[in-house]
Amino acid sequence: MSAHDFEGLLQEMIGLSSASVGASVIRHALARRMAACALPDLHAYWAYLNEHRDERQELIDCVVVPETWFFRDAEAFGAMTEHVRAREYGGRPLRLLSLPCSTGEEPYSMAMALLDAGFAAADFAIEAVDVSTRNLAYAERAIYGRNSFRGTDLAYRERYFEACEGGFKPHDRIRRQVRFTLGNLLGPAAFSAWPPFDVVFCRNLLIYFDRETQGRALARLGGMLAADGLLLVGPGESGVPSLHGYASARRPRAFAFVKAMAVQSVPATPEKARARRPPRPSLPPMAESRRLPPSAKPFARRSAPVELSTPAPSAAGADLAAARLAADAGRFAEARQIAERCIVESGPSAEAFYLIGLTCDAQDDETQAIGYYRKAIYLKSDHREALAHLRLLLQRQGEEAGVRALTRRLGRLGEGGDA
């Protein structure tokens with residue numbers, strides 16, 4: 001019995017590729033779960049997993065590391081609102097999906113963006129799906145600290161949140177727009193009974209899959225997306241949908257796609273489209289879904305925003321600087337060891353994933369290098385070095401669509417020549 005057996009199990013259960021997530025992350029999760037279950041070794045833990053099916057969910061929760069915040073990649077939410085405002089939906093409410101929804105910041109951001117765009121609560125409903133029960137519990141509790149509020153424009157927090165013990169809580173009118181469900185995109189007959197969605201956010205999931213699983217995932221998403229629907233993926237995945245029947249929606253920095261053969265309907269004005277929508281019908285019952293509880297009190301506007309304290313510098317910064325020096329000196333094994341330790345001790349970071357990708361690249365392990373570069377871009381969409389190295393690898397593999405997408409992104413960041 002070895003860690004490879006568990007890697008195979010995780011790929012079977014949720015499609016997770018150890019080459020993408022990193023073997024050290026899986027080893028760390030195994031160590032934590034063995035300690036929690038008071039088990040001495042991998043053999044004992046494997047037997048325990050087979051005897052206690054609930055432990056499989058605990059392992060999934062331990063491996064899935066949430067890294068998200070409100071209005072992450074703001075252009076994606078702008079693309080969403082522009083797309084739905086330009087279409088007529090025959091008097092029915094919009095259907096939107098966030099998968100994976102992680103700890104809830106994305107689906108709540110979708111709700112806020114639509115309300116800001118002038119849609120009424122009755123005009124849309126959002127389904128939010130994740131494989132992690134821990135993430136869903138956090139999303140339903142819906143108390144968010146400073147790490148969920150990044151950037152300089154936090155006006156939405158004044159409009160849609162109230163201060164509470166431990167952070168900020170979305171107002172009830174935001175929370176009741178979203179329904180959270182435990183689910184697995186790659187599970188048998190997943191969501192087959194659900195009507196098609198007008199917008200699907202599936203961001204930063206494909207980077208954890210190998211190529212074959214990416215194809216399966218995009219085929220499943222295609223079956224869930226309406227004919228003229230919009231699919232949004234993460235920055236590190238922007239070259240993948242075009243290989244599987246999707247075409248770019250041509251919305252800069254949104255990483256948005258439509259079905260390549262979609263027949264676009266004649267746009268209707270947003271006012272006309274909203275006027276024709278009746279009140280939203282009740283959502284259909286489904287297994288493992290939970291409705292968000294109502295807020296205890298109404299949202300009260302405050303005259304001035306509550307300031308969040310400035311995050312302390314990362315303790316891993318010095319180690320990552322040492323890892324980069326080691327990589328620059330050609331000591332790739334040392335650089336990777338430091339970067340992997342930083343991930344285990346301090347959590348995922350773009351620089352750590354980039355440096356691990358660099359070590360894989362130096363050893364001609366293109367598959368792992370691509371996975372790590374994409375993970376770096378997932379955490380920091382303007383990481384020029386990761387973008388440039390990923391483009392070179394895709395050029396070698398003949399993935400022209402991905403190369404073009406990365407070239408456009410590097411151009412927008414001010415890089416005009418070839419990397």
# chains A, B, ... in the order shown; residues from 1 in each chain; ligands from 1

call {"tool": "residues_around", "arguments": {"residues": "Ser20 (chain A)", "least_positions_apart": "6", "cutoff": "10 Å", "atoms": "only C-alpha atoms", "output": "JSON, numbers by chain"}}
result
{"A": [206, 207, 208, 209, 210, 353, 357, 367, 368, 369, 370, 371, 372, 373, 374, 375]}

call {"tool": "write_last_selection", "arguments": {"atoms": "N, CA and C atoms", "output": "PDB file, in the first residue's frame"}}
result
ATOM      1  N   LEU A 206     -10.827  22.747 -13.726  1.00  0.00           N
ATOM      2  CA  LEU A 206     -10.181  21.959 -14.778  1.00  0.00           C
ATOM      3  C   LEU A 206      -8.681  21.820 -14.548  1.00  0.00           C
ATOM      4  N   ILE A 207      -8.067  22.783 -13.855  1.00  0.00           N
ATOM      5  CA  ILE A 207      -6.618  22.697 -13.637  1.00  0.00           C
ATOM      6  C   ILE A 207      -6.242  21.520 -12.745  1.00  0.00           C
ATOM      7  N   TYR A 208      -7.215  20.955 -12.040  1.00  0.00           N
ATOM      8  CA  TYR A 208      -6.934  19.813 -11.170  1.00  0.00           C
ATOM      9  C   TYR A 208      -7.149  18.474 -11.881  1.00  0.00           C
ATOM     10  N   PHE A 209      -7.519  18.518 -13.177  1.00  0.00           N
ATOM     11  CA  PHE A 209      -7.808  17.303 -13.935  1.00  0.00           C
ATOM     12  C   PHE A 209      -6.719  17.048 -14.966  1.00  0.00           C
ATOM     13  N   ASP A 210      -6.555  15.771 -15.331  1.00  0.00           N
ATOM     14  CA  ASP A 210      -5.708  15.472 -16.479  1.00  0.00           C
ATOM     15  C   ASP A 210      -6.514  15.732 -17.752  1.00  0.00           C
ATOM     16  N   PHE A 353       3.705  27.524  -6.549  1.00  0.00           N
ATOM     17  CA  PHE A 353       3.310  26.675  -7.669  1.00  0.00           C
ATOM     18  C   PHE A 353       4.160  26.970  -8.904  1.00  0.00           C
ATOM     19  N   GLY A 357       6.528  24.316 -10.834  1.00  0.00           N
ATOM     20  CA  GLY A 357       6.410  24.140 -12.273  1.00  0.00           C
ATOM     21  C   GLY A 357       7.740  24.305 -12.980  1.00  0.00           C
ATOM     22  N   THR A 367       3.918  17.657 -18.538  1.00  0.00           N
ATOM     23  CA  THR A 367       2.560  17.535 -18.017  1.00  0.00           C
ATOM     24  C   THR A 367       2.440  18.164 -16.639  1.00  0.00           C
ATOM     25  N   GLN A 368       3.363  17.823 -15.740  1.00  0.00           N
ATOM     26  CA  GLN A 368       3.307  18.415 -14.408  1.00  0.00           C
ATOM     27  C   GLN A 368       3.611  19.900 -14.446  1.00  0.00           C
ATOM     28  N   ALA A 369       4.556  20.311 -15.287  1.00  0.00           N
ATOM     29  CA  ALA A 369       4.891  21.735 -15.380  1.00  0.00           C
ATOM     30  C   ALA A 369       3.669  22.548 -15.796  1.00  0.00           C
ATOM     31  N   ILE A 370       2.943  22.069 -16.796  1.00  0.00           N
ATOM     32  CA  ILE A 370       1.737  22.772 -17.251  1.00  0.00           C
ATOM     33  C   ILE A 370       0.727  22.880 -16.113  1.00  0.00           C
ATOM     34  N   GLY A 371       0.534  21.794 -15.372  1.00  0.00           N
ATOM     35  CA  GLY A 371      -0.413  21.812 -14.266  1.00  0.00           C
ATOM     36  C   GLY A 371      -0.044  22.841 -13.215  1.00  0.00           C
ATOM     37  N   TYR A 372       1.242  22.901 -12.858  1.00  0.00           N
ATOM     38  CA  TYR A 372       1.662  23.850 -11.826  1.00  0.00           C
ATOM     39  C   TYR A 372       1.621  25.292 -12.330  1.00  0.00           C
ATOM     40  N   TYR A 373       2.002  25.530 -13.587  1.00  0.00           N
ATOM     41  CA  TYR A 373       1.901  26.892 -14.114  1.00  0.00           C
ATOM     42  C   TYR A 373       0.439  27.356 -14.108  1.00  0.00           C
ATOM     43  N   ARG A 374      -0.475  26.463 -14.454  1.00  0.00           N
ATOM     44  CA  ARG A 374      -1.886  26.842 -14.462  1.00  0.00           C
ATOM     45  C   ARG A 374      -2.388  27.137 -13.050  1.00  0.00           C
ATOM     46  N   LYS A 375      -1.886  26.379 -12.085  1.00  0.00           N
ATOM     47  CA  LYS A 375      -2.281  26.648 -10.708  1.00  0.00           C
ATOM     48  C   LYS A 375      -1.728  27.989 -10.241  1.00  0.00           C
TER      49      LYS A 375
END

call {"tool": "residues_around", "arguments": {"residues": "region 74-76 of chain A", "least_positions_apart": "2", "cutoff": "12 Å", "atoms": "only C-alpha atoms", "output": "MDAnalysis selection string"}}
result
chainID A and resid 69:72 78:83 106 109:110 112:113 150:151 153 199:203 230:235 249:257 381

call {"tool": "select_by_dssp", "arguments": {"residues": "region 64-273 of chain A", "states": "strand (DSSP E or B)", "output": "MDAnalysis selection string"}}
result
chainID A and resid 94:98 124:130 144 161:164 167:170 178:182 197:201 225:232 246:248 256:259

call {"tool": "write_last_selection", "arguments": {"atoms": "C-alpha atoms", "output": "mmCIF file, in the first residue's frame"}}
result
data_model
loop_
_atom_site.group_PDB
_atom_site.id
_atom_site.type_symbol
_atom_site.label_atom_id
_atom_site.label_comp_id
_atom_site.auth_asym_id
_atom_site.auth_seq_id
_atom_site.Cartn_x
_atom_site.Cartn_y
_atom_site.Cartn_z
ATOM 1 C CA LEU A 94 -32.492 33.087 -15.193
ATOM 2 C CA ARG A 95 -30.770 29.906 -14.066
ATOM 3 C CA LEU A 96 -27.145 30.183 -12.975
ATOM 4 C CA LEU A 97 -24.668 27.642 -11.640
ATOM 5 C CA SER A 98 -21.503 27.997 -9.572
ATOM 6 C CA PHE A 124 -32.822 34.733 -11.162
ATOM 7 C CA ALA A 125 -31.857 31.732 -9.043
ATOM 8 C CA ILE A 126 -28.354 30.423 -8.399
ATOM 9 C CA GLU A 127 -27.391 26.814 -7.737
ATOM 10 C CA ALA A 128 -24.062 26.382 -5.923
ATOM 11 C CA VAL A 129 -22.368 22.962 -5.899
ATOM 12 C CA ASP A 130 -19.212 21.640 -4.255
ATOM 13 C CA TYR A 144 -16.426 36.147 6.107
ATOM 14 C CA PHE A 161 -23.209 42.965 4.183
ATOM 15 C CA GLU A 162 -23.636 43.623 7.848
ATOM 16 C CA ALA A 163 -20.891 43.484 10.442
ATOM 17 C CA CYS A 164 -21.111 40.582 12.884
ATOM 18 C CA GLY A 167 -16.420 39.389 10.203
ATOM 19 C CA PHE A 168 -19.212 40.262 7.806
ATOM 20 C CA LYS A 169 -22.380 38.408 6.824
ATOM 21 C CA PRO A 170 -24.252 38.786 3.507
ATOM 22 C CA VAL A 178 -28.435 30.871 -3.626
ATOM 23 C CA ARG A 179 -29.057 27.208 -2.900
ATOM 24 C CA PHE A 180 -26.094 25.038 -1.894
ATOM 25 C CA THR A 181 -25.848 21.383 -2.877
ATOM 26 C CA LEU A 182 -23.293 18.670 -2.241
ATOM 27 C CA PHE A 197 -28.347 26.799 -17.105
ATOM 28 C CA ASP A 198 -28.023 30.188 -18.774
ATOM 29 C CA VAL A 199 -24.675 30.872 -17.102
ATOM 30 C CA VAL A 200 -22.197 28.383 -15.642
ATOM 31 C CA PHE A 201 -19.222 29.434 -13.557
ATOM 32 C CA LEU A 225 -25.430 24.636 -20.425
ATOM 33 C CA ALA A 226 -28.247 26.154 -22.473
ATOM 34 C CA ALA A 227 -27.704 26.428 -26.227
ATOM 35 C CA ASP A 228 -26.895 30.139 -25.957
ATOM 36 C CA GLY A 229 -25.472 29.913 -22.446
ATOM 37 C CA LEU A 230 -22.195 31.323 -21.170
ATOM 38 C CA LEU A 231 -19.412 29.240 -19.596
ATOM 39 C CA LEU A 232 -16.783 30.969 -17.474
ATOM 40 C CA TYR A 246 -16.457 25.876 -27.220
ATOM 41 C CA ALA A 247 -15.650 29.258 -28.761
ATOM 42 C CA SER A 248 -14.411 32.381 -27.040
ATOM 43 C CA ALA A 256 -15.810 33.326 -21.114
ATOM 44 C CA PHE A 257 -16.982 30.801 -23.722
ATOM 45 C CA VAL A 258 -20.083 29.820 -25.654
ATOM 46 C CA LYS A 259 -20.878 26.611 -27.472
#

call {"tool": "atom_distance", "arguments": {"atom1": "CA of Leu16 (chain A)", "atom2": "CA of Arg409 (chain A)"}}
result
27.1 Å

call {"tool": "closest_residue", "arguments": {"among": "A:Val403, A:Leu379, A:Leu205, A:Leu9", "to": "Ser242 (chain A)", "atoms": "only C-alpha atoms"}}
result
A:Val403

call {"tool": "residues_around", "arguments": {"residues": "Phe6 (chain A)", "least_positions_apart": "2", "cutoff": "12 Å", "atoms": "only C-alpha atoms", "output": "VMD selection string"}}
result
chain A and resid 1 to 4 8 to 13 16 to 18 23 26 to 27 29 to 31 42 to 43 45 to 47 49 to 50 56 59 to 60 63

call {"tool": "residues_around", "arguments": {"residues": "region 327-342 of chain A", "least_positions_apart": "2", "cutoff": "9 Å", "atoms": "only C-alpha atoms", "output": "list in words"}}
result
Gly22, Ser24, Val25, Ala316, Gly317, Asp319, Leu320, Ala322, Ala323, Arg324, Leu325, Val344, Glu345, Ser346, Gly347, Pro348, Ser349, Glu351, Ala352, Phe353, Leu355, Ile356, Gly357, Leu358, Thr359, Cys360, Ala362 and Gln363 of chain A

call {"tool": "decode", "arguments": {"residues": "region 9-162 of chain A", "atoms": "C-alpha atoms", "output": "short mmCIF file (atom, residue, chain, number, x, y, z; two decimals), in the first residue's frame"}}
result
data_model
loop_
_atom_site.label_atom_id
_atom_site.label_comp_id
_atom_site.auth_asym_id
_atom_site.auth_seq_id
_atom_site.Cartn_x
_atom_site.Cartn_y
_atom_site.Cartn_z
CA LEU A 9 -8.82 6.67 -5.37
CA LEU A 10 -9.07 10.46 -5.33
CA GLN A 11 -8.93 10.56 -9.12
CA GLU A 12 -11.68 7.95 -9.27
CA MET A 13 -13.87 9.81 -6.76
CA ILE A 14 -13.50 13.44 -7.85
CA GLY A 15 -11.20 13.42 -10.89
CA LEU A 16 -8.27 14.89 -8.94
CA SER A 17 -4.92 14.52 -10.71
CA SER A 18 -1.98 14.21 -8.33
CA ALA A 19 0.24 15.72 -11.03
CA SER A 20 -1.85 18.90 -10.84
CA VAL A 21 -2.51 19.25 -7.13
CA GLY A 22 0.92 18.01 -6.09
CA ALA A 23 1.80 14.77 -4.36
CA SER A 24 2.89 16.67 -1.25
CA VAL A 25 -0.61 18.07 -0.76
CA ILE A 26 -2.09 14.57 -0.87
CA ARG A 27 0.56 13.21 1.47
CA HIS A 28 -0.16 16.02 3.92
CA ALA A 29 -3.91 15.29 3.77
CA LEU A 30 -3.27 11.58 4.40
CA ALA A 31 -1.10 12.38 7.39
CA ARG A 32 -3.78 14.66 8.87
CA ARG A 33 -6.55 12.10 8.43
CA MET A 34 -4.44 9.22 9.84
CA ALA A 35 -3.72 11.36 12.89
CA ALA A 36 -7.39 12.29 13.25
CA CYS A 37 -8.38 8.61 13.08
CA ALA A 38 -5.47 7.51 15.33
CA LEU A 39 -4.17 5.10 12.69
CA PRO A 40 -0.50 4.07 12.46
CA ASP A 41 0.07 3.71 8.70
CA LEU A 42 -1.37 3.79 5.20
CA HIS A 43 -2.41 0.12 5.32
CA ALA A 44 -4.56 0.74 8.38
CA TYR A 45 -6.03 3.90 6.87
CA TRP A 46 -6.90 2.12 3.61
CA ALA A 47 -8.79 -0.54 5.57
CA TYR A 48 -10.51 2.18 7.58
CA LEU A 49 -11.59 3.97 4.39
CA ASN A 50 -13.20 0.79 3.11
CA GLU A 51 -15.00 0.14 6.39
CA HIS A 52 -16.15 3.73 7.00
CA ARG A 53 -17.52 5.27 3.83
CA ASP A 54 -18.00 8.66 5.53
CA GLU A 55 -14.23 8.92 5.88
CA ARG A 56 -13.94 9.28 2.11
CA GLN A 57 -15.76 12.59 2.40
CA GLU A 58 -13.40 13.62 5.20
CA LEU A 59 -10.41 12.90 2.95
CA ILE A 60 -11.95 14.91 0.11
CA ASP A 61 -12.55 17.82 2.49
CA CYS A 62 -8.93 17.64 3.61
CA VAL A 63 -7.52 17.63 0.06
CA VAL A 64 -9.74 20.38 -1.36
CA VAL A 65 -8.11 23.67 -0.37
CA PRO A 66 -10.43 26.69 -0.84
CA GLU A 67 -8.81 29.81 -2.26
CA THR A 68 -11.34 32.42 -3.30
CA TRP A 69 -12.70 35.85 -2.49
CA PHE A 70 -15.59 38.12 -3.44
CA PHE A 71 -15.59 39.37 -7.04
CA ARG A 72 -12.45 37.49 -7.91
CA ASP A 73 -11.66 38.31 -11.56
CA ALA A 74 -14.24 41.09 -11.72
CA GLU A 75 -14.38 40.94 -15.53
CA ALA A 76 -16.12 37.56 -15.31
CA PHE A 77 -19.06 39.06 -13.46
CA GLY A 78 -19.25 41.91 -15.95
CA ALA A 79 -19.36 39.39 -18.79
CA MET A 80 -22.14 37.51 -16.99
CA THR A 81 -24.37 40.57 -16.62
CA GLU A 82 -23.73 41.77 -20.18
CA HIS A 83 -24.57 38.33 -21.54
CA VAL A 84 -27.90 37.94 -19.75
CA ARG A 85 -28.98 41.55 -20.30
CA ALA A 86 -28.62 41.07 -24.05
CA ARG A 87 -30.95 38.06 -24.25
CA GLU A 88 -34.64 37.31 -23.97
CA TYR A 89 -35.53 34.36 -21.74
CA GLY A 90 -39.19 33.96 -22.57
CA GLY A 91 -40.52 35.31 -19.31
CA ARG A 92 -38.74 32.80 -17.09
CA PRO A 93 -36.18 33.47 -14.36
CA LEU A 94 -32.49 33.09 -15.19
CA ARG A 95 -30.77 29.91 -14.07
CA LEU A 96 -27.14 30.18 -12.97
CA LEU A 97 -24.67 27.64 -11.64
CA SER A 98 -21.50 28.00 -9.57
CA LEU A 99 -19.49 24.75 -9.61
CA PRO A 100 -17.35 24.38 -7.62
CA CYS A 101 -18.75 27.04 -5.31
CA SER A 102 -16.06 26.59 -2.64
CA THR A 103 -16.90 28.61 0.49
CA GLY A 104 -19.63 30.68 -1.18
CA GLU A 105 -17.91 33.89 -2.24
CA GLU A 106 -18.48 33.24 -5.95
CA PRO A 107 -22.25 32.54 -5.96
CA TYR A 108 -22.87 35.42 -3.55
CA SER A 109 -20.85 37.68 -5.87
CA MET A 110 -23.02 36.53 -8.78
CA ALA A 111 -26.13 37.54 -6.85
CA MET A 112 -24.71 40.94 -5.95
CA ALA A 113 -23.62 41.60 -9.53
CA LEU A 114 -27.08 40.81 -10.91
CA LEU A 115 -28.82 43.00 -8.35
CA ASP A 116 -26.39 45.83 -9.12
CA ALA A 117 -27.21 45.38 -12.82
CA GLY A 118 -30.88 46.04 -12.12
CA PHE A 119 -32.28 42.53 -11.93
CA ALA A 120 -34.88 41.83 -9.29
CA ALA A 121 -34.66 38.91 -6.88
CA ALA A 122 -37.47 37.17 -8.77
CA ASP A 123 -35.46 37.35 -12.01
CA PHE A 124 -32.82 34.73 -11.16
CA ALA A 125 -31.86 31.73 -9.04
CA ILE A 126 -28.35 30.42 -8.40
CA GLU A 127 -27.39 26.81 -7.74
CA ALA A 128 -24.06 26.38 -5.92
CA VAL A 129 -22.37 22.96 -5.90
CA ASP A 130 -19.21 21.64 -4.26
CA VAL A 131 -17.72 18.25 -3.37
CA SER A 132 -16.63 19.45 0.07
CA THR A 133 -19.08 19.33 2.97
CA ARG A 134 -16.70 21.59 4.90
CA ASN A 135 -16.85 24.25 2.19
CA LEU A 136 -20.63 24.07 2.06
CA ALA A 137 -20.94 24.40 5.83
CA TYR A 138 -18.76 27.51 5.69
CA ALA A 139 -20.84 28.94 2.82
CA GLU A 140 -24.09 28.41 4.68
CA ARG A 141 -22.69 29.92 7.87
CA ALA A 142 -21.67 32.84 5.63
CA ILE A 143 -19.41 34.79 7.98
CA TYR A 144 -16.43 36.15 6.11
CA GLY A 145 -13.19 37.66 7.34
CA ARG A 146 -10.68 39.97 5.72
CA ASN A 147 -9.24 37.32 3.39
CA SER A 148 -12.55 37.21 1.50
CA PHE A 149 -12.46 40.97 0.82
CA ARG A 150 -9.55 41.90 -1.42
CA GLY A 151 -8.81 44.81 -3.66
CA THR A 152 -9.55 48.48 -3.13
CA ASP A 153 -13.20 48.68 -4.21
CA LEU A 154 -15.24 47.32 -1.31
CA ALA A 155 -18.37 49.43 -1.86
CA TYR A 156 -20.40 46.25 -2.34
CA ARG A 157 -19.69 45.33 1.29
CA GLU A 158 -21.49 48.47 2.42
CA ARG A 159 -24.50 47.65 0.25
CA TYR A 160 -24.87 43.95 0.87
CA PHE A 161 -23.21 42.96 4.18
CA GLU A 162 -23.64 43.62 7.85
#
